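Student: My structure file structure.pdb, PDB, C-alpha atoms, is below:
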MODEL        1
ATOM      1  CA  MET A1114      11.524  -1.062  -0.567
ATOM      2  CA  GLN A1115       8.823  -2.187   1.831
ATOM      3  CA  ALA A1116       9.210  -1.499   5.561
ATOM      4  CA  GLN A1117       9.771  -4.468   7.853
ATOM      5  CA  TRP A1118       6.811  -4.973  10.158
ATOM      6  CA  PRO A1119       7.046  -6.983  13.375
ATOM      7  CA  SER A1120       4.248  -9.249  14.525
ATOM      8  CA  VAL A1121       2.406  -7.547  17.412
ATOM      9  CA  LYS A1122      -0.746  -7.861  19.476
ATOM     10  CA  ALA A1123      -3.697  -5.739  18.341
ATOM     11  CA  ARG A1124      -3.608  -3.873  21.669
ATOM     12  CA  ARG A1125      -0.111  -2.575  20.863
ATOM     13  CA  ALA A1126      -1.070  -1.509  17.331
ATOM     14  CA  LEU A1127      -4.141   0.324  18.640
ATOM     15  CA  ALA A1128      -2.035   2.105  21.279
ATOM     16  CA  ALA A1129       0.360   3.257  18.537
ATOM     17  CA  LEU A1130      -2.550   4.628  16.491
ATOM     18  CA  LEU A1131      -3.920   6.498  19.509
ATOM     19  CA  ARG A1132      -0.455   7.996  20.164
ATOM     20  CA  ASN A1133      -0.386   9.157  16.531
ATOM     21  CA  GLY A1134      -3.515  11.270  16.916
ATOM     22  CA  TRP A1135      -6.270   8.780  16.135
ATOM     23  CA  GLN A1136      -9.259   8.858  18.483
ATOM     24  CA  GLU A1137     -11.906   6.256  19.161
ATOM     25  CA  LYS A1138     -15.144   7.638  17.747
ATOM     26  CA  ARG A1139     -17.350   4.694  18.713
ATOM     27  CA  ARG A1140     -17.132   0.998  19.545
ATOM     28  CA  THR A1141     -19.364  -2.003  18.909
ATOM     29  CA  GLY A1142     -17.823  -5.153  20.337
ATOM     30  CA  SER A1143     -14.316  -5.481  18.927
ATOM     31  CA  HIS A1144     -15.025  -2.984  16.118
ATOM     32  CA  ARG A1145     -13.650   0.448  16.895
ATOM     33  CA  VAL A1146     -14.202   3.349  14.514
ATOM     34  CA  LEU A1147     -11.153   5.605  14.692
ATOM     35  CA  SER A1148     -11.033   9.166  13.404
ATOM     36  CA  ARG A1149      -8.259  11.669  12.805
ATOM     37  CA  PRO A1150      -8.510  15.102  11.155
ATOM     38  CA  GLY A1151      -7.490  14.958   7.502
ATOM     39  CA  TRP A1152      -7.980  11.170   7.233
ATOM     40  CA  PRO A1153     -11.058   9.070   6.458
ATOM     41  CA  ASP A1154     -12.434   7.090   9.409
ATOM     42  CA  TYR A1155     -10.828   3.684   9.924
ATOM     43  CA  VAL A1156     -12.521   0.607  11.404
ATOM     44  CA  PHE A1157     -10.106  -1.262  13.675
ATOM     45  CA  ALA A1158     -11.784  -4.666  14.046
ATOM     46  CA  PHE A1159      -9.463  -6.781  16.176
ATOM     47  CA  HIS A1160      -9.621  -8.207  19.689
ATOM     48  CA  ASP A1161      -6.875  -6.876  21.991
ATOM     49  CA  ARG A1162      -5.033 -10.195  22.295
ATOM     50  CA  GLU A1163      -5.211 -11.031  18.584
ATOM     51  CA  GLU A1164      -1.814 -11.333  16.883
ATOM     52  CA  LEU A1165      -1.382  -9.075  13.844
ATOM     53  CA  GLY A1166       1.183 -10.138  11.284
ATOM     54  CA  ALA A1167       3.317  -8.052   8.960
ATOM     55  CA  ARG A1168       0.811  -8.191   6.113
ATOM     56  CA  MET A1169      -2.091  -6.934   8.214
ATOM     57  CA  LEU A1170       0.026  -4.189   9.773
ATOM     58  CA  ALA A1171       1.079  -3.024   6.300
ATOM     59  CA  ARG A1172      -2.591  -2.892   5.304
ATOM     60  CA  ILE A1173      -3.457  -0.876   8.441
ATOM     61  CA  ALA A1174      -0.534   1.454   7.704
ATOM     62  CA  ARG A1175      -1.794   2.123   4.193
ATOM     63  CA  HIS A1176      -5.038   3.505   5.661
ATOM     64  CA  THR A1177      -3.701   5.210   8.793
ATOM     65  CA  GLY A1178      -0.124   6.352   8.141
ATOM     66  CA  LEU A1179       1.258   4.004  10.816
ATOM     67  CA  GLN A1180       5.029   3.379  10.598
ATOM     68  CA  PRO A1181       7.012   0.393  11.950
ATOM     69  CA  GLU A1182       8.905   2.690  14.351
ATOM     70  CA  ASP A1183       5.551   3.817  15.874
ATOM     71  CA  LEU A1184       5.108   0.361  17.399
TER      72      LEU A1184
ENDMDL
END
Just give me the structure of the file as structure tokens.

Tutor:
Amino acid sequence: MQAQWPSVKARRALAALLRNGWQEKRRTGSHRVLSRPGWPDYVFAFHDREELGARMLARIARHTGLQPEDL
């Protein structure tokens, strides 16, 4: 069964990733390269006020280990 993802602003998703141990390695415009030990780097390429839907959050989760309850 697939987890139910809410629709959230990119700022909130990024904050959840940072709480989960991801760190901003570098930034170019809206592209942030995040790193976390034991995981490949992840490029978070969204503006803070951009709305992220369930599908995009599920895709981010696949690469970062994010869970719906982290938001």

Student: Go through A:Arg1168, A:Arg1149, A:His1160, A:Arg1175 one by one, measure the shortest atom-to-atom distance of each to Pro1119 of chain A using all atoms listed in the file, and give the residue with the smallest value.

Tutor: A:Arg1168

Student: Which one of A:Arg1132, A:Arg1145, A:Arg1172, A:Lys1138 sits closest to Phe1159 of chain A if you count all atoms listed in the file?

Tutor: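 For Phe1159 of chain A, the nearest of the candidates is A:Arg1145.
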
Student: Mind checking which residues fall within 12 Å of Leu1179 of chain A, counting only C-alpha atoms, ignoring those fewer than 2 positions away in the same chain, and posting them as number ranges by chain?

Tutor: A: 1116, 1118, 1126-1135, 1169-1177, 1181-1184

Student: Would you put the residues from that selection into a file with C-alpha atoms, as a tab-separated table (two decimals), in the coordinates of the input?

Tutor:
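Generated output (out_25.tsv):
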chain	number	residue	atom	x	y	z
A	1116	ALA	CA	9.21	-1.50	5.56
A	1118	TRP	CA	6.81	-4.97	10.16
A	1126	ALA	CA	-1.07	-1.51	17.33
A	1127	LEU	CA	-4.14	0.32	18.64
A	1128	ALA	CA	-2.04	2.10	21.28
A	1129	ALA	CA	0.36	3.26	18.54
A	1130	LEU	CA	-2.55	4.63	16.49
A	1131	LEU	CA	-3.92	6.50	19.51
A	1132	ARG	CA	-0.46	8.00	20.16
A	1133	ASN	CA	-0.39	9.16	16.53
A	1134	GLY	CA	-3.52	11.27	16.92
A	1135	TRP	CA	-6.27	8.78	16.14
A	1169	MET	CA	-2.09	-6.93	8.21
A	1170	LEU	CA	0.03	-4.19	9.77
A	1171	ALA	CA	1.08	-3.02	6.30
A	1172	ARG	CA	-2.59	-2.89	5.30
A	1173	ILE	CA	-3.46	-0.88	8.44
A	1174	ALA	CA	-0.53	1.45	7.70
A	1175	ARG	CA	-1.79	2.12	4.19
A	1176	HIS	CA	-5.04	3.50	5.66
A	1177	THR	CA	-3.70	5.21	8.79
A	1181	PRO	CA	7.01	0.39	11.95
A	1182	GLU	CA	8.90	2.69	14.35
A	1183	ASP	CA	5.55	3.82	15.87
A	1184	LEU	CA	5.11	0.36	17.40

Student: For Val1146 of chain A, find every residue with an atom within 8 Å (counting only C-alpha atoms), except residues of its own chain fewer than 5 positions away, and show them as a ChimeraX atom specification.

Tutor: /A:1137-1140,1154-1157

Student: Between atom CA of Val1121 of chain A and atom CA of Gly1166 of chain A, what is the spacing in Å?

Tutor: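 We find that atom CA of Gly1166 of chain A and atom CA of Val1121 of chain A lie 6.8 Å from each other.
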
Student: Nearest residue to Glu1164 of chain A out of A:Ala1123, A:Gln1117, A:His1144, A:Gln1180, using all atoms listed in the file?

Tutor: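 Comparing A:Ala1123, A:Gln1117, A:His1144, A:Gln1180 against Glu1164 of chain A, the winner is A:Ala1123.
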
Student: What is the distance between atom CA of Arg1125 of chain A and atom CA of Arg1162 of chain A, in Å to one decimal?

Tutor: 9.2 Å

Student: Please reconstruct the missing atoms of segment 1145-1156 of chain A (target: all heavy atoms) and return them as an mmCIF file, in the frame of the given file.

Tutor:
data_model
loop_
_atom_site.group_PDB
_atom_site.id
_atom_site.type_symbol
_atom_site.label_atom_id
_atom_site.label_comp_id
_atom_site.auth_asym_id
_atom_site.auth_seq_id
_atom_site.Cartn_x
_atom_site.Cartn_y
_atom_site.Cartn_z
ATOM 1 N N ARG A 1145 -13.822 -0.930 16.452
ATOM 2 C CA ARG A 1145 -13.650 0.448 16.895
ATOM 3 C C ARG A 1145 -13.542 1.327 15.664
ATOM 4 O O ARG A 1145 -12.741 1.046 14.773
ATOM 5 C CB ARG A 1145 -12.374 0.588 17.708
ATOM 6 C CG ARG A 1145 -12.365 -0.163 19.010
ATOM 7 C CD ARG A 1145 -10.985 -0.049 19.639
ATOM 8 N NE ARG A 1145 -10.957 -0.584 20.980
ATOM 9 C CZ ARG A 1145 -10.496 -1.781 21.288
ATOM 10 N NH1 ARG A 1145 -10.045 -2.578 20.339
ATOM 11 N NH2 ARG A 1145 -10.485 -2.187 22.535
ATOM 12 N N VAL A 1146 -14.310 2.388 15.609
ATOM 13 C CA VAL A 1146 -14.202 3.349 14.514
ATOM 14 C C VAL A 1146 -13.279 4.458 15.004
ATOM 15 O O VAL A 1146 -13.566 5.128 15.996
ATOM 16 C CB VAL A 1146 -15.577 3.923 14.111
ATOM 17 C CG1 VAL A 1146 -15.409 4.970 13.011
ATOM 18 C CG2 VAL A 1146 -16.494 2.806 13.649
ATOM 19 N N LEU A 1147 -12.150 4.602 14.323
ATOM 20 C CA LEU A 1147 -11.153 5.605 14.692
ATOM 21 C C LEU A 1147 -11.241 6.783 13.737
ATOM 22 O O LEU A 1147 -11.501 6.610 12.543
ATOM 23 C CB LEU A 1147 -9.749 4.999 14.630
ATOM 24 C CG LEU A 1147 -9.513 3.744 15.471
ATOM 25 C CD1 LEU A 1147 -8.093 3.230 15.243
ATOM 26 C CD2 LEU A 1147 -9.756 4.015 16.935
ATOM 27 N N SER A 1148 -11.018 7.979 14.261
ATOM 28 C CA SER A 1148 -11.033 9.166 13.404
ATOM 29 C C SER A 1148 -9.807 10.012 13.703
ATOM 30 O O SER A 1148 -9.261 9.989 14.813
ATOM 31 C CB SER A 1148 -12.307 9.975 13.623
ATOM 32 O OG SER A 1148 -12.350 10.480 14.935
ATOM 33 N N ARG A 1149 -9.393 10.751 12.692
ATOM 34 C CA ARG A 1149 -8.259 11.669 12.805
ATOM 35 C C ARG A 1149 -8.478 12.758 11.760
ATOM 36 O O ARG A 1149 -8.815 12.440 10.606
ATOM 37 C CB ARG A 1149 -6.960 10.920 12.536
ATOM 38 C CG ARG A 1149 -5.715 11.775 12.643
ATOM 39 C CD ARG A 1149 -4.484 10.924 12.404
ATOM 40 N NE ARG A 1149 -3.296 11.746 12.344
ATOM 41 C CZ ARG A 1149 -2.104 11.293 12.020
ATOM 42 N NH1 ARG A 1149 -1.939 10.021 11.727
ATOM 43 N NH2 ARG A 1149 -1.077 12.096 11.980
ATOM 44 N N PRO A 1150 -8.314 14.016 12.135
ATOM 45 C CA PRO A 1150 -8.510 15.102 11.155
ATOM 46 C C PRO A 1150 -7.630 14.909 9.923
ATOM 47 O O PRO A 1150 -6.452 14.576 10.036
ATOM 48 C CB PRO A 1150 -8.096 16.362 11.929
ATOM 49 C CG PRO A 1150 -8.241 15.988 13.368
ATOM 50 C CD PRO A 1150 -7.947 14.512 13.450
ATOM 51 N N GLY A 1151 -8.228 15.083 8.761
ATOM 52 C CA GLY A 1151 -7.490 14.958 7.502
ATOM 53 C C GLY A 1151 -7.420 13.545 6.951
ATOM 54 O O GLY A 1151 -6.850 13.325 5.891
ATOM 55 N N TRP A 1152 -7.987 12.568 7.660
ATOM 56 C CA TRP A 1152 -7.980 11.170 7.233
ATOM 57 C C TRP A 1152 -9.408 10.643 7.248
ATOM 58 O O TRP A 1152 -10.200 11.052 8.093
ATOM 59 C CB TRP A 1152 -7.159 10.310 8.198
ATOM 60 C CG TRP A 1152 -5.689 10.584 8.191
ATOM 61 C CD1 TRP A 1152 -5.058 11.614 8.815
ATOM 62 C CD2 TRP A 1152 -4.677 9.825 7.551
ATOM 63 N NE1 TRP A 1152 -3.709 11.536 8.601
ATOM 64 C CE2 TRP A 1152 -3.452 10.446 7.833
ATOM 65 C CE3 TRP A 1152 -4.696 8.674 6.768
ATOM 66 C CZ2 TRP A 1152 -2.248 9.952 7.344
ATOM 67 C CZ3 TRP A 1152 -3.491 8.180 6.294
ATOM 68 C CH2 TRP A 1152 -2.287 8.824 6.570
ATOM 69 N N PRO A 1153 -9.739 9.716 6.356
ATOM 70 C CA PRO A 1153 -11.058 9.070 6.458
ATOM 71 C C PRO A 1153 -11.101 8.176 7.694
ATOM 72 O O PRO A 1153 -10.060 7.710 8.156
ATOM 73 C CB PRO A 1153 -11.171 8.244 5.169
ATOM 74 C CG PRO A 1153 -9.797 8.136 4.622
ATOM 75 C CD PRO A 1153 -8.980 9.257 5.198
ATOM 76 N N ASP A 1154 -12.290 7.966 8.240
ATOM 77 C CA ASP A 1154 -12.434 7.090 9.409
ATOM 78 C C ASP A 1154 -11.892 5.704 9.082
ATOM 79 O O ASP A 1154 -11.949 5.260 7.940
ATOM 80 C CB ASP A 1154 -13.903 6.969 9.819
ATOM 81 C CG ASP A 1154 -14.414 8.239 10.492
ATOM 82 O OD1 ASP A 1154 -13.621 9.185 10.692
ATOM 83 O OD2 ASP A 1154 -15.613 8.281 10.803
ATOM 84 N N TYR A 1155 -11.373 5.025 10.098
ATOM 85 C CA TYR A 1155 -10.828 3.684 9.924
ATOM 86 C C TYR A 1155 -11.460 2.753 10.950
ATOM 87 O O TYR A 1155 -11.517 3.091 12.133
ATOM 88 C CB TYR A 1155 -9.301 3.691 10.090
ATOM 89 C CG TYR A 1155 -8.703 2.330 9.914
ATOM 90 C CD1 TYR A 1155 -8.657 1.731 8.660
ATOM 91 C CD2 TYR A 1155 -8.227 1.611 11.003
ATOM 92 C CE1 TYR A 1155 -8.139 0.455 8.489
ATOM 93 C CE2 TYR A 1155 -7.703 0.337 10.843
ATOM 94 C CZ TYR A 1155 -7.668 -0.233 9.580
ATOM 95 O OH TYR A 1155 -7.172 -1.490 9.427
ATOM 96 N N VAL A 1156 -11.934 1.600 10.501
ATOM 97 C CA VAL A 1156 -12.521 0.607 11.404
ATOM 98 C C VAL A 1156 -11.429 -0.371 11.816
ATOM 99 O O VAL A 1156 -10.888 -1.095 10.991
ATOM 100 C CB VAL A 1156 -13.690 -0.147 10.727
ATOM 101 C CG1 VAL A 1156 -14.240 -1.207 11.680
ATOM 102 C CG2 VAL A 1156 -14.779 0.821 10.318
#
